[in-house]
Structures are given as structure tokens and as C-alpha cells.
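Notes for the one structure printed next.
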Amino acid sequence: MMKKVDYKAYYSKSIDFETYLKNMEAEIGLGIVNDHSQYVPQNLQRVKRIGKTIKLHPEIVAAAEGLKQKIHWLVITEHWCGDAAQLVPIMNAIAEKSNGNIDFRLIYRDENPDLIAAHLTNGTLSIPILLQLDENFELLKSWGPRPKACVDYVEELKKVPNYQVDIKEKLQKWYSDDKGNAAQNELLTLL
């Protein structure tokens, strides 16, 4: 049996979006080399570009602006994650439209193994995972790591022999073609 997650404790050590970006830049500047470090510079560019160019649907803007109570969005993520690079800036843009009613924070998966263990996706450590918490830091809903249409697309790709060869490029093209629409439609259900 899994113990109850103390979301307030995790929230207290989370970071805001600006700090997340600064941490990405610092990681690049330090020249940290690991299995995933080659993805961080491109992901930083994606996060910044999407943050500047995302066009939120009027329905999600209205829902965010219309929130009457404060909620917390805590996102489990990592700088190297391609899905996070596509989705985190959309989540942040929605939070920015909420008139302060969505407190948007991020926390690193690899530094918090017990938190991600409580939110596995089909037994995997997949990210990003958005945890929607109430004013008392109780879990209301969770979402992630990808929109359902993207999950379905990846399942189709996996049916092809040697799918791993170009899956990253195909996945990024899917996100580019979708322009954040699938994520916005699903995130709207959280509001």
C-alpha cells in the first residue's frame, strides 16, 4: 500500500516558471553532460518559442479567467523531456490568464522519486505530469504525460519495426502540427 503523498511538502520545494527557465539556461551554461543533456538546448528554445507564440483557445482563456477559487498546478518535469518542452509553456500560459487563481509551479522528477512513483503512467516514470491541488494541497485531478491523441499516435508508431530510430522527430512534428490544440482541449477539463 502506498503512503499518502504530502503534496504541500513537495509544493514548498517547487519552483516557478521563470526559475525553471533560468535553471535550464544554467544547465546549458555549465556544460553538464549526461544521457539527456543534448536535448536541453533545443528544449529551451522550444519552451521560449511556444511561450511567445501559443494561441490559447477562447474557451480555455474564459475558463481560466473565470476561476473563482485558487488552485495549484504542480508539474513533475525535467529539462530534457521533449513532451515537457511542448506542454509546460502551454500550462504556464493558461495559468497566466487565471488572474492569479492558478499558482503554477514545477518540480523535478529525478529529485523526487517518491512523488513520481505515486503518479506512474502504465508503470513508467513518464513526464510531464500536472497535479491539480486545491487550496489545502489535496489532489483534485492529474493530467499527462501527453494528450490522448499523441498517446494514440505513439502507439501506432510502435507498431513499425525499428520505430525508435526516428520517433523523437515524428513526435515533435506531431506537436508542431497540433499547435497545442489537443493539450488545451484536455486541460480545459481540469478547469
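Ligands are numbered from 1 in the order shown, chains are lettered A, B, ... in the order of the C-alpha cells, and residues start at 1 in each chain.
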Using only C-alpha atoms, which residues sit within 12 Å of A:Ala9 once same-chain residues fewer than 4 positions away are excluded, as a list in words?
-> Lys4, Val5, Lys13, Ser14, Leu74, Ile107, Asn112, Leu115, Asn136, Phe137 and Glu138 of chain A
Write out as a ChimeraX atom specification each polymer residue whose atoms come within 12 Å of A:Leu120, counting only C-alpha atoms; drop sequence neighbours fewer than 2 positions from it.
-> /A:76,109,113-118,122-129,142-145
Within 10 Å of stretch 173-186 of chain A: each stretch 113-152 of chain A residue with its shortest pair, only C-alpha atoms, as CSV:
```
residue,atom,partner,partner_atom,distance
A:Trp143,CA,A:Glu186,CA,8.3
A:Gly144,CA,A:Ala183,CA,9.2
A:Arg146,CA,A:Ala183,CA,7.6
A:Pro147,CA,A:Ala183,CA,5.4
A:Lys148,CA,A:Ala182,CA,7.8
A:Ala149,CA,A:Ala182,CA,7.0
A:Cys150,CA,A:Trp174,CA,7.4
```
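Omitting stretch 94-96 of chain A and its sequence neighbours fewer than 2 positions away, and counting only C-alpha atoms, the residues within 9 Å are A:Leu56, A:Ile60, A:Val61, A:Ala64, A:Trp73, A:Pro89, A:Ile90, A:Met91, A:Asn92, A:Ser98, A:Asn99, A:Gly100, A:Asn101, A:Ile102, A:Asp103, A:Phe104, A:Gln184, A:Leu187.
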Take the residues from that selection and write them out as a CSV table (one decimal), in the first residue's frame, keeping N, CA and C atoms.
```csv
chain,number,residue,atom,x,y,z
A,56,LEU,N,-4.0,30.6,-27.2
A,56,LEU,CA,-4.9,29.8,-26.4
A,56,LEU,C,-6.3,30.0,-27.0
A,60,ILE,N,-10.6,28.2,-23.2
A,60,ILE,CA,-9.7,28.0,-22.0
A,60,ILE,C,-9.3,29.3,-21.4
A,61,VAL,N,-9.2,30.3,-22.1
A,61,VAL,CA,-9.0,31.7,-21.6
A,61,VAL,C,-10.2,32.0,-20.7
A,64,ALA,N,-10.1,29.9,-17.5
A,64,ALA,CA,-9.0,30.4,-16.6
A,64,ALA,C,-9.3,31.7,-15.9
A,73,TRP,N,-1.2,24.2,-9.6
A,73,TRP,CA,-0.8,23.3,-10.6
A,73,TRP,C,0.7,23.0,-10.3
A,89,PRO,N,5.0,25.2,-21.5
A,89,PRO,CA,4.7,26.6,-21.8
A,89,PRO,C,3.2,26.8,-22.0
A,90,ILE,N,2.5,25.8,-22.5
A,90,ILE,CA,1.0,25.9,-22.6
A,90,ILE,C,0.4,26.0,-21.2
A,91,MET,N,0.8,25.1,-20.3
A,91,MET,CA,0.3,25.2,-19.0
A,91,MET,C,0.5,26.5,-18.3
A,92,ASN,N,1.7,27.0,-18.5
A,92,ASN,CA,2.1,28.3,-17.9
A,92,ASN,C,1.2,29.5,-18.5
A,98,SER,N,-5.2,33.3,-15.5
A,98,SER,CA,-6.1,33.0,-14.5
A,98,SER,C,-6.3,34.0,-13.4
A,99,ASN,N,-5.8,35.2,-13.6
A,99,ASN,CA,-5.9,36.3,-12.7
A,99,ASN,C,-5.3,35.9,-11.3
A,100,GLY,N,-4.3,35.1,-11.3
A,100,GLY,CA,-3.7,34.7,-10.0
A,100,GLY,C,-4.3,33.5,-9.4
A,101,ASN,N,-5.4,32.9,-10.0
A,101,ASN,CA,-6.1,31.8,-9.4
A,101,ASN,C,-5.4,30.4,-9.6
A,102,ILE,N,-4.5,30.3,-10.6
A,102,ILE,CA,-3.7,29.1,-10.8
A,102,ILE,C,-2.3,29.5,-10.4
A,103,ASP,N,-1.9,28.9,-9.3
A,103,ASP,CA,-0.5,29.1,-8.9
A,103,ASP,C,0.3,27.9,-9.6
A,104,PHE,N,1.1,28.3,-10.5
A,104,PHE,CA,1.8,27.3,-11.4
A,104,PHE,C,3.3,27.1,-10.9
A,184,GLN,N,-4.7,21.8,-25.0
A,184,GLN,CA,-5.7,22.8,-24.5
A,184,GLN,C,-7.0,22.2,-24.3
A,187,LEU,N,-6.7,20.1,-21.1
A,187,LEU,CA,-6.5,20.9,-19.9
A,187,LEU,C,-7.8,21.7,-19.5
```
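If you look at atom CA of A:Asn43 and atom CA of A:Val154, they are 19.6 Å away from each other.
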Do a neighbour search on stretch 26-36 of chain A at 9 Å with only C-alpha atoms, toss out local chain neighbours closer than 3 positions, and write the hits as a CSV table (one decimal) with C-alpha atoms, in the first residue's frame.
```csv
chain,number,residue,atom,x,y,z
A,21,LEU,CA,13.9,28.7,-17.5
A,22,LYS,CA,16.9,30.1,-15.6
A,23,ASN,CA,17.8,26.6,-14.4
A,39,TYR,CA,18.2,17.8,-25.6
A,40,VAL,CA,18.2,20.7,-23.2
A,41,PRO,CA,19.4,23.5,-25.5
A,79,HIS,CA,14.6,19.9,-18.7
A,80,TRP,CA,15.5,17.2,-21.2
A,81,CYS,CA,11.9,16.0,-21.7
```
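For stretch 126-170 of chain A, a DSSP pass over the backbone yields alpha helix (DSSP H) at Lys148, Ala149, Cys150, Val151, Asp152, Tyr153, Val154, Glu155, Glu156, Leu157, Ile167, Lys168, Glu169 and Lys170 of chain A.
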With N, CA and C atoms retained, export the selected residues as a PDB file, in the first residue's frame.
```
ATOM      1  N   LYS A 148      -4.172  12.622 -25.286  1.00  0.00           N
ATOM      2  CA  LYS A 148      -4.604  11.281 -25.737  1.00  0.00           C
ATOM      3  C   LYS A 148      -4.316  11.046 -27.216  1.00  0.00           C
ATOM      4  N   ALA A 149      -4.538  12.042 -28.061  1.00  0.00           N
ATOM      5  CA  ALA A 149      -4.266  11.873 -29.492  1.00  0.00           C
ATOM      6  C   ALA A 149      -2.782  11.589 -29.740  1.00  0.00           C
ATOM      7  N   CYS A 150      -1.935  12.187 -28.949  1.00  0.00           N
ATOM      8  CA  CYS A 150      -0.495  11.947 -29.066  1.00  0.00           C
ATOM      9  C   CYS A 150      -0.137  10.552 -28.565  1.00  0.00           C
ATOM     10  N   VAL A 151      -0.744  10.133 -27.480  1.00  0.00           N
ATOM     11  CA  VAL A 151      -0.543   8.774 -26.963  1.00  0.00           C
ATOM     12  C   VAL A 151      -0.928   7.757 -28.038  1.00  0.00           C
ATOM     13  N   ASP A 152      -2.073   7.978 -28.674  1.00  0.00           N
ATOM     14  CA  ASP A 152      -2.527   7.078 -29.735  1.00  0.00           C
ATOM     15  C   ASP A 152      -1.544   7.063 -30.909  1.00  0.00           C
ATOM     16  N   TYR A 153      -1.030   8.232 -31.267  1.00  0.00           N
ATOM     17  CA  TYR A 153      -0.054   8.340 -32.357  1.00  0.00           C
ATOM     18  C   TYR A 153       1.211   7.537 -32.031  1.00  0.00           C
ATOM     19  N   VAL A 154       1.702   7.673 -30.825  1.00  0.00           N
ATOM     20  CA  VAL A 154       2.905   6.934 -30.418  1.00  0.00           C
ATOM     21  C   VAL A 154       2.645   5.433 -30.450  1.00  0.00           C
ATOM     22  N   GLU A 155       1.458   4.998 -30.033  1.00  0.00           N
ATOM     23  CA  GLU A 155       1.129   3.569 -30.085  1.00  0.00           C
ATOM     24  C   GLU A 155       1.154   3.058 -31.530  1.00  0.00           C
ATOM     25  N   GLU A 156       0.683   3.870 -32.453  1.00  0.00           N
ATOM     26  CA  GLU A 156       0.750   3.491 -33.876  1.00  0.00           C
ATOM     27  C   GLU A 156       2.199   3.400 -34.352  1.00  0.00           C
ATOM     28  N   LEU A 157       3.013   4.367 -33.940  1.00  0.00           N
ATOM     29  CA  LEU A 157       4.431   4.355 -34.331  1.00  0.00           C
ATOM     30  C   LEU A 157       5.130   3.099 -33.823  1.00  0.00           C
ATOM     31  N   ILE A 167      11.503   8.273 -33.809  1.00  0.00           N
ATOM     32  CA  ILE A 167      10.298   8.618 -33.054  1.00  0.00           C
ATOM     33  C   ILE A 167      10.361  10.041 -32.496  1.00  0.00           C
ATOM     34  N   LYS A 168      11.528  10.489 -32.058  1.00  0.00           N
ATOM     35  CA  LYS A 168      11.619  11.830 -31.481  1.00  0.00           C
ATOM     36  C   LYS A 168      11.239  12.896 -32.501  1.00  0.00           C
ATOM     37  N   GLU A 169      11.731  12.741 -33.728  1.00  0.00           N
ATOM     38  CA  GLU A 169      11.406  13.711 -34.778  1.00  0.00           C
ATOM     39  C   GLU A 169       9.920  13.669 -35.135  1.00  0.00           C
ATOM     40  N   LYS A 170       9.367  12.466 -35.254  1.00  0.00           N
ATOM     41  CA  LYS A 170       7.947  12.330 -35.589  1.00  0.00           C
ATOM     42  C   LYS A 170       7.067  12.882 -34.476  1.00  0.00           C
TER      43      LYS A 170
END
```
Among the residues of chain A, find those DSSP assigns to strand (DSSP E or B) from the backbone and print them as an MDAnalysis selection string.
-> chainID A and resid 15 71:77 102:108 121 124 129:133 139:143
